[in-house]
>>> print(open('upload.cif').read())   # mmCIF, C-alpha atoms
data_run
loop_
_atom_site.label_atom_id
_atom_site.label_comp_id
_atom_site.auth_asym_id
_atom_site.auth_seq_id
_atom_site.Cartn_x
_atom_site.Cartn_y
_atom_site.Cartn_z
CA MET A 1 98.90 -205.42 186.89
CA LYS A 2 100.63 -208.78 187.17
CA TYR A 3 103.69 -207.20 188.83
CA LEU A 4 101.55 -205.22 191.26
CA ARG A 5 99.80 -208.37 192.39
CA THR A 6 103.16 -210.11 192.87
CA VAL A 7 104.51 -207.19 194.94
CA VAL A 8 101.41 -207.16 197.16
CA VAL A 9 101.53 -210.92 197.73
CA MET A 10 105.27 -210.85 198.52
CA SER A 11 104.81 -207.96 200.95
CA LEU A 12 102.05 -209.89 202.71
CA ILE A 13 104.24 -212.97 202.93
CA PHE A 14 107.53 -211.35 203.99
CA ILE A 15 107.29 -207.69 205.02
CA LEU A 16 104.18 -207.84 207.24
CA PRO A 17 105.41 -210.78 209.38
CA ALA A 18 108.88 -209.22 209.67
CA GLY A 19 107.36 -205.94 210.85
CA SER A 20 105.17 -207.75 213.37
CA TRP A 21 108.12 -209.72 214.69
CA TRP A 22 110.22 -206.54 215.07
CA TYR A 23 107.38 -204.74 216.90
CA LEU A 24 106.78 -207.61 219.33
CA GLN A 25 110.51 -208.17 219.89
CA SER A 26 111.07 -204.51 220.79
CA GLY A 27 108.24 -204.68 223.36
CA TYR A 28 109.68 -207.87 224.80
CA ASN A 29 113.14 -206.32 225.08
CA TYR A 30 111.71 -203.22 226.78
CA ARG A 31 109.85 -205.31 229.38
CA LYS A 32 112.89 -207.52 229.98
CA ALA A 33 115.10 -204.45 230.58
CA ALA A 34 112.49 -202.93 232.91
CA LEU A 35 112.25 -206.15 234.94
CA GLY A 36 116.03 -206.07 235.30
CA ILE A 37 115.77 -202.58 236.80
CA LEU A 38 112.88 -203.70 239.01
CA SER A 39 114.72 -206.60 240.60
CA PRO A 40 114.09 -206.70 244.37
CA LYS A 41 116.41 -204.37 246.29
CA ASP A 42 115.50 -205.05 249.93
CA SER A 43 112.79 -206.84 251.86
CA LEU A 44 110.40 -205.20 254.28
CA SER A 45 110.94 -208.15 256.60
CA ASN A 46 114.55 -206.98 257.06
CA ALA A 47 114.92 -205.89 260.69
CA SER A 48 117.14 -202.93 259.80
CA LEU A 49 114.47 -201.44 257.53
CA ASN A 50 112.12 -199.23 259.51
CA ILE A 51 109.00 -197.74 257.99
CA LEU A 52 107.44 -195.37 260.45
CA MET A 53 104.44 -193.11 260.24
CA ASN A 54 103.86 -190.98 263.31
CA GLY A 55 106.14 -193.31 265.29
CA VAL A 56 104.18 -196.47 264.42
CA ASP A 57 105.55 -199.26 262.24
CA PHE A 58 103.02 -200.15 259.56
CA LYS A 59 104.64 -202.97 257.57
CA GLU A 60 101.54 -205.13 258.05
CA GLN A 61 99.44 -202.67 256.01
CA LEU A 62 101.75 -203.15 253.02
CA ALA A 63 101.40 -206.94 252.83
CA GLY A 64 99.65 -208.20 249.71
CA LYS A 65 99.45 -204.81 248.01
CA THR A 66 101.53 -203.00 245.45
CA THR A 67 102.40 -199.82 247.31
CA CYS A 68 103.86 -196.49 246.36
CA LEU A 69 105.29 -194.61 249.33
CA ALA A 70 105.48 -190.87 248.67
CA PHE A 71 107.90 -188.78 250.73
CA VAL A 72 107.15 -185.48 249.01
CA ASP A 73 103.95 -183.52 248.75
CA ASP A 74 103.30 -183.08 245.01
CA ALA A 75 99.51 -183.11 244.94
CA ALA A 76 99.15 -182.56 241.18
CA PHE A 77 101.27 -185.56 240.18
CA GLN A 78 100.09 -187.78 243.02
CA SER A 79 96.41 -187.30 242.24
CA LYS A 80 96.93 -188.12 238.55
CA TYR A 81 99.08 -191.11 239.44
CA TYR A 82 96.60 -192.46 241.98
CA ASP A 83 93.63 -191.92 239.65
CA GLN A 84 95.38 -193.99 236.99
CA TYR A 85 95.80 -197.06 239.22
CA LYS A 86 93.04 -196.76 241.82
CA LYS A 87 90.88 -199.40 240.10
CA ALA A 88 93.64 -202.01 240.35
CA LEU A 89 92.78 -204.62 242.95
CA SER A 90 96.03 -204.51 244.88
CA PHE A 91 97.27 -200.92 244.52
CA GLN A 92 97.64 -198.40 247.32
CA MET A 93 99.49 -195.12 247.69
CA ILE A 94 100.68 -193.81 251.04
CA VAL A 95 101.62 -190.17 251.24
CA GLY A 96 103.60 -189.53 254.38
CA GLY A 97 105.38 -186.26 253.78
CA ASP A 98 107.83 -185.54 256.59
CA SER A 99 106.24 -188.03 259.00
CA LEU A 100 107.34 -190.98 256.87
CA ALA A 101 110.95 -192.10 257.29
CA LEU A 102 112.64 -194.94 255.49
CA SER A 103 116.15 -195.62 256.71
CA GLY A 104 118.91 -195.55 254.11
CA MET A 105 116.84 -193.89 251.40
CA ASN A 106 117.04 -190.18 252.08
CA LYS A 107 117.16 -189.09 248.42
CA ALA A 108 114.05 -191.03 247.43
CA ALA A 109 110.85 -189.13 246.79
CA TYR A 110 108.89 -192.28 245.88
CA VAL A 111 109.44 -195.94 246.76
CA LEU A 112 107.72 -198.75 244.85
CA ILE A 113 106.98 -201.90 246.89
CA ASP A 114 105.53 -205.10 245.40
CA THR A 115 102.91 -207.44 246.87
CA SER A 116 105.57 -209.70 248.42
CA GLY A 117 107.04 -206.85 250.45
CA TYR A 118 110.16 -206.19 248.39
CA ILE A 119 111.34 -202.71 247.50
CA ARG A 120 111.53 -202.71 243.71
CA ASN A 121 112.88 -199.22 243.01
CA THR A 122 113.21 -195.69 244.33
CA TYR A 123 112.50 -192.51 242.40
CA GLU A 124 113.40 -188.85 242.77
CA ASN A 125 110.97 -185.99 242.33
CA THR A 126 111.83 -185.25 238.68
CA ARG A 127 109.52 -185.51 235.68
CA GLU A 128 111.68 -188.28 234.18
CA ASP A 129 111.58 -190.38 237.35
CA GLN A 130 107.83 -189.79 237.74
CA THR A 131 107.33 -191.14 234.21
CA LYS A 132 109.43 -194.20 235.09
CA LEU A 133 107.36 -194.68 238.26
CA ILE A 134 104.16 -194.81 236.21
CA GLU A 135 105.66 -197.29 233.73
CA HIS A 136 107.17 -199.51 236.41
CA THR A 137 103.95 -199.60 238.42
CA ALA A 138 102.11 -200.93 235.38
CA ILE A 139 104.74 -203.64 234.99
CA ILE A 140 104.70 -204.98 238.57
CA LEU A 141 100.96 -204.76 239.25
CA PRO A 142 99.60 -208.31 239.38
CA ARG A 143 97.04 -209.09 236.72
CA LYS A 144 93.88 -211.07 237.21
CA ILE A 145 94.38 -214.47 235.63
CA GLN A 146 91.57 -215.35 233.27
CA LYS A 147 90.50 -218.89 232.57
CA ASP A 148 91.17 -220.15 229.08
CA ILE A 149 87.98 -222.16 228.91
CA LYS A 150 84.64 -220.62 229.73
CA PHE A 151 81.70 -222.90 230.36
CA LYS A 152 78.18 -221.97 229.48
CA GLU A 153 75.81 -222.16 232.39
CA SER A 154 72.87 -224.41 231.73
CA GLN A 155 69.56 -222.65 231.78
CA ASP A 156 67.16 -225.25 233.17
#
>>> encode(input="upload.cif", output="structure tokens")
Amino acid sequence: MKYLRTVVVMSLIFILPAGSWWYLQSGYNYRKAALGILSPKDSLSNASLNILMNGVDFKEQLAGKTTCLAFVDDAAFQSKYYDQYKKALSFQMIVGGDSLALSGMNKAAYVLIDTSGYIRNTYENTREDQTKLIEHTAIILPRKIQKDIKFKESQD
């Protein structure tokens, strides 16, 4: 009984914190690698970058929103993807099909654009790239900053 108690105490002191550190470190490393992939590629303010829908440039509609431009018509994936992020304050998805043309990115099926107007990454229409699109969208969506201190309202 004495040895069992010693083993339990030692595992609580050494093994549990080491496991927690490893778990948190692996998540940190994953996010750091993903942010490296999501470094800004090009700016929408670049004059050579044209985003047209039915012949009209609509860069102004993308300002301040995390946007996914879809060049293909995959209704099953797009509806699931949009449903997952539609409650986010600054998310929008624009499905353009053939009427949407982005110069220099002919192979891209999806383009992820951040709130500052930078193209973060492009994705093809494969299951692997669609999974990466979902993960990367979650990473670059801005989060609502919560206050650390909450004050009670006086009830007079």
>>> closest_residue(input="upload.cif", among="A:Ala109, A:Ala18, A:Ala88, A:Ile149", to="Gln130 in chain A", atoms="all atoms listed in the file")
A:Ala109
>>> closest_residue(input="upload.cif", among="A:Met93, A:Leu24, A:Met1, A:Ala63", to="Ser43 in chain A", atoms="all atoms listed in the file")
A:Ala63
>>> atom_distance(input="upload.cif", atom1="CA of Gln61 in chain A", atom2="CA of Lys107 in chain A")
23.6 Å
>>> resolve_selection(input="upload.cif", expression="the PyMOL selection byres ((chain A and resi 116) around 12)", output="ChimeraX atom specification")
/A:40,42-45,59-60,62-67,90,112-115,117-120,140-142
>>> closest_residue(input="upload.cif", among="A:Asp83, A:Val72, A:Leu16, A:Lys32", to="Thr126 in chain A", atoms="all atoms listed in the file")
A:Val72
>>> closest_residue(input="upload.cif", among="A:Ser39, A:Tyr110, A:Leu69, A:Ala138", to="Gln84 in chain A", atoms="all atoms listed in the file")
A:Ala138
>>> atom_distance(input="upload.cif", atom1="CA of Ile139 in chain A", atom2="CA of Leu35 in chain A")
7.9 Å
>>> atom_distance(input="upload.cif", atom1="CA of Gly96 in chain A", atom2="CA of Asp73 in chain A")
8.2 Å
>>> closest_residue(input="upload.cif", among="A:Tyr28, A:Tyr85, A:Tyr123, A:Trp22", to="Ala70 in chain A", atoms="only C-alpha atoms")
A:Tyr123
>>> closest_residue(input="upload.cif", among="A:Leu89, A:Ile37, A:Ile13, A:Ala76", to="Arg143 in chain A", atoms="all atoms listed in the file")
A:Leu89
>>> build_atoms(input="upload.cif", residues="range 5-24 of chain A", atoms="N, CA and C atoms", output="short mmCIF file (atom, residue, chain, number, x, y, z; two decimals), in the frame of the given file")
data_model
loop_
_atom_site.label_atom_id
_atom_site.label_comp_id
_atom_site.auth_asym_id
_atom_site.auth_seq_id
_atom_site.Cartn_x
_atom_site.Cartn_y
_atom_site.Cartn_z
N ARG A 5 100.35 -207.28 191.60
CA ARG A 5 99.80 -208.37 192.39
C ARG A 5 100.94 -209.17 193.04
N THR A 6 102.01 -209.39 192.33
CA THR A 6 103.16 -210.11 192.87
C THR A 6 103.80 -209.34 194.02
N VAL A 7 103.93 -208.03 193.87
CA VAL A 7 104.51 -207.19 194.94
C VAL A 7 103.63 -207.22 196.18
N VAL A 8 102.33 -207.14 196.02
CA VAL A 8 101.41 -207.16 197.16
C VAL A 8 101.47 -208.50 197.88
N VAL A 9 101.48 -209.58 197.12
CA VAL A 9 101.53 -210.92 197.73
C VAL A 9 102.86 -211.11 198.47
N MET A 10 103.96 -210.71 197.88
CA MET A 10 105.27 -210.85 198.52
C MET A 10 105.36 -209.99 199.78
N SER A 11 104.78 -208.80 199.74
CA SER A 11 104.81 -207.96 200.95
C SER A 11 103.98 -208.58 202.06
N LEU A 12 102.86 -209.22 201.69
CA LEU A 12 102.05 -209.89 202.71
C LEU A 12 102.77 -211.11 203.28
N ILE A 13 103.55 -211.76 202.48
CA ILE A 13 104.24 -212.97 202.93
C ILE A 13 105.49 -212.65 203.73
N PHE A 14 106.25 -211.61 203.35
CA PHE A 14 107.53 -211.35 203.99
C PHE A 14 107.57 -210.09 204.85
N ILE A 15 107.13 -208.98 204.33
CA ILE A 15 107.29 -207.69 205.02
C ILE A 15 106.37 -207.58 206.23
N LEU A 16 105.13 -207.95 206.12
CA LEU A 16 104.18 -207.84 207.24
C LEU A 16 104.60 -208.71 208.43
N PRO A 17 104.94 -209.99 208.22
CA PRO A 17 105.41 -210.78 209.38
C PRO A 17 106.72 -210.25 209.98
N ALA A 18 107.62 -209.77 209.14
CA ALA A 18 108.88 -209.22 209.67
C ALA A 18 108.62 -207.97 210.51
N GLY A 19 107.72 -207.13 210.08
CA GLY A 19 107.36 -205.94 210.85
C GLY A 19 106.69 -206.30 212.17
N SER A 20 105.82 -207.29 212.14
CA SER A 20 105.17 -207.75 213.37
C SER A 20 106.17 -208.32 214.34
N TRP A 21 107.10 -209.15 213.82
CA TRP A 21 108.12 -209.72 214.69
C TRP A 21 108.97 -208.62 215.31
N TRP A 22 109.39 -207.64 214.55
CA TRP A 22 110.22 -206.54 215.07
C TRP A 22 109.46 -205.77 216.16
N TYR A 23 108.19 -205.48 215.93
CA TYR A 23 107.38 -204.74 216.90
C TYR A 23 107.26 -205.53 218.21
N LEU A 24 106.93 -206.79 218.13
CA LEU A 24 106.78 -207.61 219.33
C LEU A 24 108.12 -207.83 220.04
#
